[in-house]
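Report on the following structure.
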Amino acid sequence: MDDLLKGLLYFLFFILGVIIFSFVNMIIYKLPEKKVFAKEKSACRACGHELAFKDLIPVISWICLKGKCRYCGAKISVRDLVVELLGGAFAVGLTAYYGIGLKALTIFLFFAMLTIVTCIDMDTMEIPFVLNVIILVLGIISIWTVGGVSILERIIGLFCISLPLFLIVLVIPEGFGGGDIKLMFAAGMFLGWKATVVAFLIGLLLGGGYGVVCLIRRKHGKKDHFAFGPFLSVGLAIAVFCGTQLMDMYLEFLKMSFTV
Ligand SMILES: [Zn+2]
């Protein structure tokens with residue numbers, strides 16, 4: 001019976017995560033157009049036809065319509081579906097891992113922001129300033145709700161990556177985007193310096209790998225740029241779980257190699 005209740009509870013969390021991330025999808029499309037607070041009915045982005053309730057049910061509508069607009073047949077991005085399912089997965093995964101509480105909720109909201117950053121950066125090559133402000137605010141809230149990292153470590157976290165990146169950009173203006181730098185500043189408050197460094201290294205590895213693949217396939221010319229925010233976001237999400245521990249292990253390893 002207990003297991004049944006637990007299963008039901010997780011199912012409800014999944015639905016809740018999916019619903020919240022269908023709003024995340026809405027923000028992803030409306031924020032770059034500065035229309036988040038505009039009171040307009042949802043419409044197909046291809047034909048402009050107003051969407052009915054049956055077209056707007058997260059996940060289910062997409063699957064029933066096979067990813068196409070009911071009115072004009074235009075493709076609805078698979079990413080829309082993936083984002084919604086990701087929301088469900090985050091909600092279930094985080095409550096299973098951290099238990100039901102403010103800690104899981106804060107990290108869930110952090111992941112929601114990273115998802116928005118990832119998709120908008122993919123679409124527009126820019127990270128809206130307001131998202132980094134919200135991440136910074138979440139970082140301050142996380143002092144109480146998540147804990148585990150001292151305030152000093154968080155303050156160092158603000159600058160440990162963002163400052164070197166800022167200096168690099170002074171020399172090589174096209175190295176990193178201003179949005180990337182502000183993202184690493186804001187996330188540093190959330191994670192503390194140890195996990196922020198690990199997050200950046202993961203992002204660099206993933207982004208570098210992607211860049212090499214693109215070069216080989218010649219998908220991008222030498223002067224073309226690709227959005228770096230998605231790779232940083234993945235790094236930041238992974239670092240939530242193991243960033244501080246990995247850095248501690250590394251520091252321990254350094255200490256041992258110096259004392260031997
Ligand atoms: Zn349409």
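Chain identifiers are assigned as A, B, and so on, following the order in which chains appear in the structure tokens; residues are numbered from 1 within each chain, and ligands are numbered from 1 in order of appearance.
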May I have a table of the residues of chain A lying at most 6 Å from ligand 1, giving each one's closest pair of atoms and their distance in Å to one decimal, counting only C-alpha atoms and all ligand atoms, ordered by chain and ascending residue number, as JSON lines?
```
{"residue": "A:Cys44", "atom": "CA", "partner": "ligand 1", "partner_atom_place_in_ligand_line": "1 (Zn)", "distance": 4.5}
{"residue": "A:Ala46", "atom": "CA", "partner": "ligand 1", "partner_atom_place_in_ligand_line": "1 (Zn)", "distance": 4.9}
{"residue": "A:Cys47", "atom": "CA", "partner": "ligand 1", "partner_atom_place_in_ligand_line": "1 (Zn)", "distance": 4.1}
{"residue": "A:His49", "atom": "CA", "partner": "ligand 1", "partner_atom_place_in_ligand_line": "1 (Zn)", "distance": 5.8}
{"residue": "A:Cys69", "atom": "CA", "partner": "ligand 1", "partner_atom_place_in_ligand_line": "1 (Zn)", "distance": 4.6}
{"residue": "A:Tyr71", "atom": "CA", "partner": "ligand 1", "partner_atom_place_in_ligand_line": "1 (Zn)", "distance": 5.0}
{"residue": "A:Cys72", "atom": "CA", "partner": "ligand 1", "partner_atom_place_in_ligand_line": "1 (Zn)", "distance": 4.1}
{"residue": "A:Ala74", "atom": "CA", "partner": "ligand 1", "partner_atom_place_in_ligand_line": "1 (Zn)", "distance": 5.5}
```
Please provide the set of residues having any atom within 10 Å of Arg70 of chain A, restricted to only C-alpha atoms, with same-chain residues fewer than 4 positions apart removed, written as an mmCIF file with N, CA and C atoms, in the first residue's frame.
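Output saved as selection26.cif:
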```
data_model
loop_
_atom_site.group_PDB
_atom_site.id
_atom_site.type_symbol
_atom_site.label_atom_id
_atom_site.label_comp_id
_atom_site.auth_asym_id
_atom_site.auth_seq_id
_atom_site.Cartn_x
_atom_site.Cartn_y
_atom_site.Cartn_z
ATOM 1 N N CYS A 44 -0.798 29.280 -32.973
ATOM 2 C CA CYS A 44 0.234 28.549 -33.726
ATOM 3 C C CYS A 44 1.257 29.563 -34.223
ATOM 4 N N HIS A 49 -3.211 30.582 -36.093
ATOM 5 C CA HIS A 49 -4.538 30.137 -35.643
ATOM 6 C C HIS A 49 -4.554 30.049 -34.119
ATOM 7 N N LEU A 51 -5.149 28.695 -30.548
ATOM 8 C CA LEU A 51 -5.136 27.301 -30.122
ATOM 9 C C LEU A 51 -6.229 27.049 -29.077
ATOM 10 N N ALA A 52 -6.908 25.910 -29.227
ATOM 11 C CA ALA A 52 -7.952 25.537 -28.280
ATOM 12 C C ALA A 52 -7.335 24.791 -27.105
ATOM 13 N N ASP A 55 -5.487 21.678 -27.736
ATOM 14 C CA ASP A 55 -4.186 21.796 -28.389
ATOM 15 C C ASP A 55 -3.081 22.138 -27.394
ATOM 16 N N SER A 61 -1.170 16.644 -26.004
ATOM 17 C CA SER A 61 -1.524 17.277 -27.277
ATOM 18 C C SER A 61 -0.453 17.005 -28.329
ATOM 19 N N CYS A 64 -0.777 13.390 -29.514
ATOM 20 C CA CYS A 64 -1.991 13.172 -30.303
ATOM 21 C C CYS A 64 -1.882 13.822 -31.678
ATOM 22 N N LEU A 65 -1.252 14.995 -31.717
ATOM 23 C CA LEU A 65 -1.144 15.719 -32.994
ATOM 24 C C LEU A 65 0.099 15.281 -33.784
ATOM 25 N N LYS A 66 0.821 14.307 -33.224
ATOM 26 C CA LYS A 66 2.077 13.818 -33.835
ATOM 27 C C LYS A 66 3.031 14.979 -34.155
ATOM 28 N N ALA A 74 1.943 22.576 -39.711
ATOM 29 C CA ALA A 74 3.339 22.949 -39.477
ATOM 30 C C ALA A 74 3.903 22.124 -38.320
ATOM 31 N N LYS A 75 5.181 21.799 -38.418
ATOM 32 C CA LYS A 75 5.812 20.984 -37.377
ATOM 33 C C LYS A 75 5.916 21.752 -36.061
#
```
Legend entry - Residues flagged alpha helix (DSSP H) by DSSP in segment 40-157 of chain A, as a ChimeraX atom specification: /A:60-64,78-98,102-124,129-145,151-157
Legend entry - Best match for closeness to Phe241 of chain A among A:Leu201, A:Val213, A:Leu94, A:Ile151, counting only C-alpha atoms: A:Leu94
Inset, instruction - Pick out the closest residue to Leu138 of chain A from this set: A:Ile15, A:Leu206, A:Ala186, A:Leu246. Count only C-alpha atoms. - result: A:Ala186
Inset, instruction - Name the closest residue to Ala199 of chain A among the candidates A:Thr115, A:Thr244, A:Ser42, A:Asn132; distances are taken between atoms, counting only C-alpha atoms. - result: A:Thr244
Inset, instruction - Return as a list in words the full set of residues in segment 24-210 of chain A whose backbone-based DSSP assignment is strand (DSSP E or B). - result: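 The strand (DSSP E or B) subset of segment 24-210 of chain A is Ala43, Glu50, Lys68 and Lys75 of chain A.
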So that I have them on file, write out the residues from the current selection with N, CA and C atoms, as a short mmCIF file (atom, residue, chain, number, x, y, z; two decimals), in the first residue's frame.
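Okay, this is what ended up in out-v2.cif:
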```
data_model
loop_
_atom_site.label_atom_id
_atom_site.label_comp_id
_atom_site.auth_asym_id
_atom_site.auth_seq_id
_atom_site.Cartn_x
_atom_site.Cartn_y
_atom_site.Cartn_z
N ALA A 43 -1.32 30.98 -29.84
CA ALA A 43 -1.62 30.76 -31.25
C ALA A 43 -0.49 29.96 -31.88
N GLU A 50 -5.62 30.55 -33.53
CA GLU A 50 -5.76 30.49 -32.08
C GLU A 50 -5.84 29.02 -31.64
N LYS A 68 2.40 18.07 -34.95
CA LYS A 68 2.05 18.99 -36.04
C LYS A 68 0.86 19.85 -35.65
N LYS A 75 5.18 21.80 -38.42
CA LYS A 75 5.81 20.98 -37.38
C LYS A 75 5.92 21.75 -36.06
#
```
Inset, instruction - Identify, on the basis of only C-alpha atoms, every residue whose closest approach to Leu183 of chain A does not exceed 9 Å; exclude the query and any residue fewer than 3 positions from it along the same chain; express the result as a list in words. - result: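 Once the nearby chain positions are removed, what remains is Val117, Ile127, Phe129, Leu131, Asn132, Val133, Ile135, Leu136, Ser162, Gly178, Gly179, Asp180, Ala186, Ala187, Gly188, Gly229, Leu232 and Ser233 of chain A.
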Inset, instruction - Excluding Ile20 of chain A and any residue of its chain fewer than 2 positions from it, enumerate the residues within 9 Å of it, using only C-alpha atoms, and give them as a list in words. - result: Ile15, Leu16, Gly17, Val18, Ser22, Phe23, Val24, Asn25, Glu84, Gly87, Gly88 and Ala112 of chain A
Inset, instruction - Rounded to one decimal place, report the atom CA of Phe11 of chain A-atom CA of Ile107 of chain A distance in Å. - result: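 So the two atoms, atom CA of Phe11 of chain A and atom CA of Ile107 of chain A, lie 19.2 Å apart.
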Inset, instruction - Have a look at A:Ala195, A:Ile116, A:Met125, A:Cys160 and name the one nearest to Phe226 of chain A; count only C-alpha atoms. - result: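 Of A:Ala195, A:Ile116, A:Met125, A:Cys160, the one nearest Phe226 of chain A, counting only C-alpha atoms, is A:Met125.
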